[in-house]
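In what follows, a single structure is set out as structure tokens and then discussed.
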Amino acid sequence: MMPPRPYRLATCGRALPPDLWTGWQTVPMKSRVLVVDDDTALAEMIGIVLESEGFEPSYCADGDQAFDVFRATQPDLVLLDVMLPGKDGIEIAREIRAESGVPIIMLTARTDTVDVVLGLESGADDYVTKPFKPKELVARVRARLRRTDDPGPERLRIGDVEIDVTGHAVTRDGERIALTPLEFDLLVELARKPWQVFTREVLLEKVWGYRHSADTRLVNVHVQRLRSKIERDPENPEVVQTVRGVGYKAGAPR
């Protein structure tokens with residue numbers, strides 16, 4: 001399958017040299033987005049949309065090459081199709097997550113519960129179901145790449161876990177706990193309001209940036225992932241507690 005018409009790209013994951021960017025003015029600090037999808041028409045459309053919105057896209061259509069391209073391009077976010085030639089998106093997400101917390105948004109034509117949950121459990125932060133509107137995709141990308149102004153030093157405590165918000169660090173007894181950016185955002189949201197019980201819908205808005213009805217499985221799966229890392233006993237959580245029939249809340253500081 002031939003790669004799509006170059007939009008900053010000549011081959012899988014390789015950018016055109018600067019002298020070939022006719023009339024192109026480079027803009028510093030653009031967020032890099034790796035698009036992994038073997039649908040050339042869709043990948044081309046995604047690339048055009050991303051560039052028009054100020055992102056720097058790169059592209060790969062082969063699952064077997066995707067992880068190498070990820071390492072070579074060092075993207076700020078990955079758009080990852082589930083169904084690919086070679087390795088599928090689930091396996092690629094696991095490989096990426098094993099060494100990086102970079103946001104991953106799965107692109108899927110499937111809405112089956114098993115496929116969606118597998119994608120999220122493999123390390124994806126969010127998913128978008130095909131067909132989708134360009135504005136929807138851009139909104140999801142921006143939500144995962146959003147940057148907030150530095151509010152100054154801030155430290156929180158939830159259960160026996162300490163959170164250095166400014167330093168983006170989570171520790172227990174001096175030992176650092178590695179979290180993805182989304183898991184960190186979820187933990188901070190709960191810790192900042194320990195008196196509040198958060199519904200799944202509120203967490204989808206606060207953490208994922210949704211402004212409309214969305215799949216609450218996103219919250220359930222990420223809470224499970226977060227608990228697996230921060231709880232002493234994930235089966236009996238004390239840091240992120242479930243309030244049956246409502247949602248989740250922070251455990252009391254120790």
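Order determines the names: the first chain of the structure tokens is A, the second B, and so forth; residues in each chain are numbered 1 upward, and ligands are numbered 1 upward as they are shown.
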Legend entry - Residues of range 94-198 of chain A in helix (DSSP H, G or I), written as a PyMOL selection string: chain A and resi 94-99+113-121+134-145+181-192
What does the file look like for those residues with N, CA and C atoms, as a compact mmCIF listing (two decimals), in the first residue's frame?
# COMPACT_ATOMS: atom_id res chain seq x y z
N ARG A 94 0.95 -1.29 24.07
CA ARG A 94 1.67 -1.89 25.20
C ARG A 94 3.17 -1.60 25.09
N GLU A 95 3.72 -1.69 23.87
CA GLU A 95 5.15 -1.41 23.68
C GLU A 95 5.48 0.04 24.02
N ILE A 96 4.64 0.95 23.55
CA ILE A 96 4.87 2.37 23.83
C ILE A 96 4.76 2.64 25.33
N ARG A 97 3.71 2.10 25.94
CA ARG A 97 3.47 2.38 27.35
C ARG A 97 4.55 1.78 28.24
N ALA A 98 5.23 0.75 27.78
CA ALA A 98 6.28 0.14 28.58
C ALA A 98 7.46 1.07 28.79
N GLU A 99 7.61 2.07 27.92
CA GLU A 99 8.75 2.97 28.08
C GLU A 99 8.38 4.46 28.03
N THR A 113 -17.48 -3.75 23.56
CA THR A 113 -16.92 -3.51 24.88
C THR A 113 -15.54 -4.13 25.05
N VAL A 114 -15.37 -5.37 24.61
CA VAL A 114 -14.09 -6.06 24.79
C VAL A 114 -12.97 -5.32 24.08
N ASP A 115 -13.19 -4.90 22.83
CA ASP A 115 -12.15 -4.22 22.06
C ASP A 115 -11.80 -2.87 22.68
N VAL A 116 -12.81 -2.13 23.11
CA VAL A 116 -12.56 -0.81 23.71
C VAL A 116 -11.78 -0.97 25.01
N VAL A 117 -12.20 -1.87 25.86
CA VAL A 117 -11.54 -2.07 27.15
C VAL A 117 -10.12 -2.59 26.94
N LEU A 118 -9.92 -3.49 25.98
CA LEU A 118 -8.57 -3.98 25.70
C LEU A 118 -7.65 -2.85 25.30
N GLY A 119 -8.17 -1.95 24.46
CA GLY A 119 -7.37 -0.80 24.05
C GLY A 119 -6.99 0.07 25.22
N LEU A 120 -7.93 0.34 26.10
CA LEU A 120 -7.66 1.18 27.27
C LEU A 120 -6.72 0.48 28.24
N GLU A 121 -6.93 -0.81 28.44
CA GLU A 121 -6.07 -1.55 29.36
C GLU A 121 -4.65 -1.70 28.82
N PRO A 134 -13.62 15.82 11.99
CA PRO A 134 -12.29 16.39 12.27
C PRO A 134 -12.26 17.22 13.54
N LYS A 135 -13.31 18.01 13.80
CA LYS A 135 -13.33 18.84 15.00
C LYS A 135 -13.31 17.99 16.27
N GLU A 136 -13.98 16.83 16.21
CA GLU A 136 -13.99 15.94 17.37
C GLU A 136 -12.59 15.42 17.65
N LEU A 137 -11.89 15.01 16.58
CA LEU A 137 -10.54 14.48 16.75
C LEU A 137 -9.60 15.55 17.30
N VAL A 138 -9.66 16.75 16.73
CA VAL A 138 -8.80 17.84 17.19
C VAL A 138 -9.08 18.17 18.65
N ALA A 139 -10.35 18.14 19.04
CA ALA A 139 -10.71 18.41 20.43
C ALA A 139 -10.09 17.38 21.36
N ARG A 140 -10.11 16.12 20.94
CA ARG A 140 -9.53 15.05 21.77
C ARG A 140 -8.01 15.22 21.87
N VAL A 141 -7.38 15.58 20.75
CA VAL A 141 -5.93 15.79 20.75
C VAL A 141 -5.57 16.97 21.66
N ARG A 142 -6.29 18.07 21.52
CA ARG A 142 -6.00 19.25 22.34
C ARG A 142 -6.21 18.96 23.82
N ALA A 143 -7.24 18.20 24.14
CA ALA A 143 -7.51 17.88 25.54
C ALA A 143 -6.35 17.12 26.17
N ARG A 144 -5.75 16.21 25.41
CA ARG A 144 -4.64 15.43 25.95
C ARG A 144 -3.32 16.18 25.95
N LEU A 145 -3.22 17.23 25.13
CA LEU A 145 -1.99 17.99 25.05
C LEU A 145 -2.09 19.34 25.75
N PRO A 181 0.77 10.74 32.24
CA PRO A 181 0.19 12.07 32.48
C PRO A 181 -1.29 12.04 32.80
N LEU A 182 -2.05 11.17 32.14
CA LEU A 182 -3.49 11.12 32.41
C LEU A 182 -3.75 10.56 33.80
N GLU A 183 -3.04 9.51 34.20
CA GLU A 183 -3.21 8.95 35.54
C GLU A 183 -2.86 10.00 36.59
N PHE A 184 -1.82 10.78 36.32
CA PHE A 184 -1.43 11.86 37.24
C PHE A 184 -2.55 12.90 37.35
N ASP A 185 -3.09 13.31 36.21
CA ASP A 185 -4.18 14.30 36.21
C ASP A 185 -5.39 13.79 37.00
N LEU A 186 -5.70 12.50 36.84
CA LEU A 186 -6.84 11.91 37.54
C LEU A 186 -6.60 11.92 39.05
N LEU A 187 -5.40 11.55 39.46
CA LEU A 187 -5.07 11.53 40.88
C LEU A 187 -5.12 12.94 41.47
N VAL A 188 -4.58 13.92 40.76
CA VAL A 188 -4.57 15.30 41.24
C VAL A 188 -5.99 15.85 41.37
N GLU A 189 -6.83 15.55 40.39
CA GLU A 189 -8.21 16.04 40.43
C GLU A 189 -8.92 15.55 41.69
N LEU A 190 -8.72 14.29 42.04
CA LEU A 190 -9.33 13.73 43.24
C LEU A 190 -8.72 14.35 44.50
N ALA A 191 -7.39 14.50 44.50
CA ALA A 191 -6.69 14.96 45.70
C ALA A 191 -6.98 16.41 46.02
N ARG A 192 -7.25 17.22 45.01
CA ARG A 192 -7.50 18.65 45.25
C ARG A 192 -8.83 18.90 45.96
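Our summary of the geometry notes that CA of Gln65 in chain A is positioned 9.7 Å from CA of Val36 in chain A.
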Please return as an mmCIF file with N, CA and C atoms, in the first residue's frame: the residues of range 35-211 of chain A that backbone DSSP assigns to strand (DSSP E).
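Heads up, here's the output in states_28.cif:
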data_model
loop_
_atom_site.group_PDB
_atom_site.id
_atom_site.type_symbol
_atom_site.label_atom_id
_atom_site.label_comp_id
_atom_site.auth_asym_id
_atom_site.auth_seq_id
_atom_site.Cartn_x
_atom_site.Cartn_y
_atom_site.Cartn_z
ATOM 1 N N VAL A 35 0.682 9.559 13.533
ATOM 2 C CA VAL A 35 -0.543 8.914 13.068
ATOM 3 C C VAL A 35 -0.179 7.517 12.582
ATOM 4 N N VAL A 36 -0.701 6.491 13.251
ATOM 5 C CA VAL A 36 -0.446 5.107 12.852
ATOM 6 C C VAL A 36 -1.751 4.514 12.343
ATOM 7 N N GLU A 56 2.289 19.148 14.155
ATOM 8 C CA GLU A 56 3.277 18.605 13.229
ATOM 9 C C GLU A 56 3.077 17.084 13.127
ATOM 10 N N PRO A 57 2.400 16.603 12.071
ATOM 11 C CA PRO A 57 2.110 15.177 11.976
ATOM 12 C C PRO A 57 3.254 14.378 11.356
ATOM 13 N N SER A 58 3.373 13.138 11.790
ATOM 14 C CA SER A 58 4.201 12.147 11.123
ATOM 15 C C SER A 58 3.343 10.911 10.957
ATOM 16 N N TYR A 59 3.803 9.965 10.156
ATOM 17 C CA TYR A 59 2.901 8.926 9.688
ATOM 18 C C TYR A 59 3.581 7.562 9.612
ATOM 19 N N CYS A 60 2.819 6.528 9.957
ATOM 20 C CA CYS A 60 3.266 5.153 9.745
ATOM 21 C C CYS A 60 2.047 4.275 9.482
ATOM 22 N N LEU A 77 2.146 12.967 21.068
ATOM 23 C CA LEU A 77 0.897 12.213 21.155
ATOM 24 C C LEU A 77 0.852 11.224 19.998
ATOM 25 N N VAL A 78 0.192 10.080 20.213
ATOM 26 C CA VAL A 78 0.051 9.064 19.170
ATOM 27 C C VAL A 78 -1.425 8.818 18.888
ATOM 28 N N LEU A 79 -1.800 8.892 17.611
ATOM 29 C CA LEU A 79 -3.113 8.444 17.145
ATOM 30 C C LEU A 79 -2.909 7.062 16.557
ATOM 31 N N LEU A 80 -3.519 6.062 17.166
ATOM 32 C CA LEU A 80 -3.175 4.675 16.872
ATOM 33 C C LEU A 80 -4.398 3.861 16.485
ATOM 34 N N ASP A 81 -4.404 3.381 15.237
ATOM 35 C CA ASP A 81 -5.489 2.529 14.784
ATOM 36 C C ASP A 81 -5.386 1.161 15.448
ATOM 37 N N ILE A 104 -1.879 8.410 24.248
ATOM 38 C CA ILE A 104 -2.267 7.564 23.119
ATOM 39 C C ILE A 104 -3.779 7.638 22.961
ATOM 40 N N ILE A 105 -4.222 7.976 21.756
ATOM 41 C CA ILE A 105 -5.645 7.943 21.433
ATOM 42 C C ILE A 105 -5.852 6.866 20.388
ATOM 43 N N MET A 106 -6.671 5.874 20.713
ATOM 44 C CA MET A 106 -6.950 4.783 19.780
ATOM 45 C C MET A 106 -8.002 5.222 18.764
ATOM 46 N N LEU A 107 -7.798 4.825 17.512
ATOM 47 C CA LEU A 107 -8.782 5.029 16.458
ATOM 48 C C LEU A 107 -9.384 3.677 16.148
ATOM 49 N N THR A 108 -10.675 3.531 16.302
ATOM 50 C CA THR A 108 -11.282 2.221 16.138
ATOM 51 C C THR A 108 -12.615 2.297 15.422
ATOM 52 N N ASP A 126 -7.489 7.407 25.616
ATOM 53 C CA ASP A 126 -8.798 7.769 25.095
ATOM 54 C C ASP A 126 -8.991 7.006 23.794
ATOM 55 N N TYR A 127 -10.203 7.045 23.252
ATOM 56 C CA TYR A 127 -10.429 6.441 21.942
ATOM 57 C C TYR A 127 -11.465 7.251 21.177
ATOM 58 N N VAL A 128 -11.351 7.194 19.859
ATOM 59 C CA VAL A 128 -12.296 7.855 18.973
ATOM 60 C C VAL A 128 -12.814 6.815 17.993
ATOM 61 N N THR A 129 -14.132 6.758 17.840
ATOM 62 C CA THR A 129 -14.743 5.756 16.971
ATOM 63 C C THR A 129 -14.908 6.301 15.557
ATOM 64 N N ARG A 155 1.646 21.023 46.713
ATOM 65 C CA ARG A 155 1.810 19.646 47.168
ATOM 66 C C ARG A 155 0.498 19.169 47.774
ATOM 67 N N LEU A 156 0.137 17.941 47.437
ATOM 68 C CA LEU A 156 -1.105 17.356 47.904
ATOM 69 C C LEU A 156 -0.810 16.004 48.543
ATOM 70 N N ARG A 157 -1.771 15.551 49.314
ATOM 71 C CA ARG A 157 -1.643 14.225 49.925
ATOM 72 C C ARG A 157 -2.985 13.525 49.813
ATOM 73 N N ILE A 158 -2.929 12.257 49.427
ATOM 74 C CA ILE A 158 -4.136 11.454 49.322
ATOM 75 C C ILE A 158 -3.790 10.069 49.854
ATOM 76 N N VAL A 161 -0.076 8.728 50.016
ATOM 77 C CA VAL A 161 0.632 9.099 48.795
ATOM 78 C C VAL A 161 0.804 10.612 48.739
ATOM 79 N N GLU A 162 2.018 11.065 48.439
ATOM 80 C CA GLU A 162 2.318 12.483 48.329
ATOM 81 C C GLU A 162 2.431 12.864 46.850
ATOM 82 N N ILE A 163 1.877 14.035 46.512
ATOM 83 C CA ILE A 163 1.857 14.489 45.118
ATOM 84 C C ILE A 163 2.512 15.858 45.039
ATOM 85 N N ASP A 164 3.578 15.946 44.271
ATOM 86 C CA ASP A 164 4.217 17.224 43.954
ATOM 87 C C ASP A 164 3.663 17.651 42.606
ATOM 88 N N ALA A 169 5.379 14.729 40.278
ATOM 89 C CA ALA A 169 5.943 13.545 40.923
ATOM 90 C C ALA A 169 4.986 13.012 41.982
ATOM 91 N N VAL A 170 4.926 11.681 42.076
ATOM 92 C CA VAL A 170 4.096 10.998 43.075
ATOM 93 C C VAL A 170 4.998 10.046 43.841
ATOM 94 N N THR A 171 4.936 10.121 45.173
ATOM 95 C CA THR A 171 5.803 9.277 45.992
ATOM 96 C C THR A 171 5.037 8.678 47.164
ATOM 97 N N ARG A 172 5.560 7.561 47.661
ATOM 98 C CA ARG A 172 5.106 6.968 48.926
ATOM 99 C C ARG A 172 6.353 6.531 49.684
ATOM 100 N N GLU A 175 9.599 6.751 47.914
ATOM 101 C CA GLU A 175 9.760 5.988 46.670
ATOM 102 C C GLU A 175 8.848 6.563 45.601
ATOM 103 N N ARG A 176 9.415 6.865 44.447
ATOM 104 C CA ARG A 176 8.635 7.473 43.368
ATOM 105 C C ARG A 176 7.734 6.437 42.692
ATOM 106 N N PHE A 198 -16.749 12.369 43.160
ATOM 107 C CA PHE A 198 -16.795 12.687 41.735
ATOM 108 C C PHE A 198 -17.583 11.627 40.983
ATOM 109 N N THR A 199 -18.593 12.044 40.258
ATOM 110 C CA THR A 199 -19.249 11.110 39.354
ATOM 111 C C THR A 199 -18.315 10.851 38.173
#
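In terms of minimum interatomic distance to Ala178 in chain A, A:Ile230 ranks closest within A:Leu42, A:Ile230, A:Val197, A:Met83, counting only C-alpha atoms.
Here CA of Pro103 in chain A is placed at a distance of 13.0 Å from CA of His222 in chain A.
If you measure from each of A:Ala72, A:Leu179, A:Leu50, A:Ala61 to Gly89 in chain A using only C-alpha atoms, the closest one turns out to be A:Ala61.
Minimum distance to Val49 in chain A across A:Val33, A:Pro194, A:Gln74, A:Asp173 (counting only C-alpha atoms) occurs at A:Val33.
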Legend entry - Near-range 233-241 of chain A list (7 Å; only C-alpha atoms; drop same-chain fewer than 3 positions) as an NGL selection string: :A and (158-159 or 227-228 or 248-251)
Residues from last step as file, C-alpha atoms, as an mmCIF file, in the first residue's frame:
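Saved as again18.cif:
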data_model
loop_
_atom_site.group_PDB
_atom_site.id
_atom_site.type_symbol
_atom_site.label_atom_id
_atom_site.label_comp_id
_atom_site.auth_asym_id
_atom_site.auth_seq_id
_atom_site.Cartn_x
_atom_site.Cartn_y
_atom_site.Cartn_z
ATOM 1 C CA ILE A 158 -4.136 11.454 49.322
ATOM 2 C CA GLY A 159 -4.040 8.459 51.635
ATOM 3 C CA ARG A 227 -5.023 1.670 41.616
ATOM 4 C CA SER A 228 -2.686 -1.029 40.315
ATOM 5 C CA TYR A 248 -14.955 7.965 43.270
ATOM 6 C CA LYS A 249 -13.323 10.035 46.008
ATOM 7 C CA ALA A 250 -9.923 10.568 47.572
ATOM 8 C CA GLY A 251 -8.961 8.600 50.636
#
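Taking CA of Asp64 in chain A and CA of Ala93 in chain A as endpoints, the distance between them is 12.3 Å.
When only C-alpha atoms are used to compute distances to Leu203 in chain A, the closest of the residues A:Gly101, A:Asp160, A:Val165, A:Gly247 turns out to be A:Gly247.
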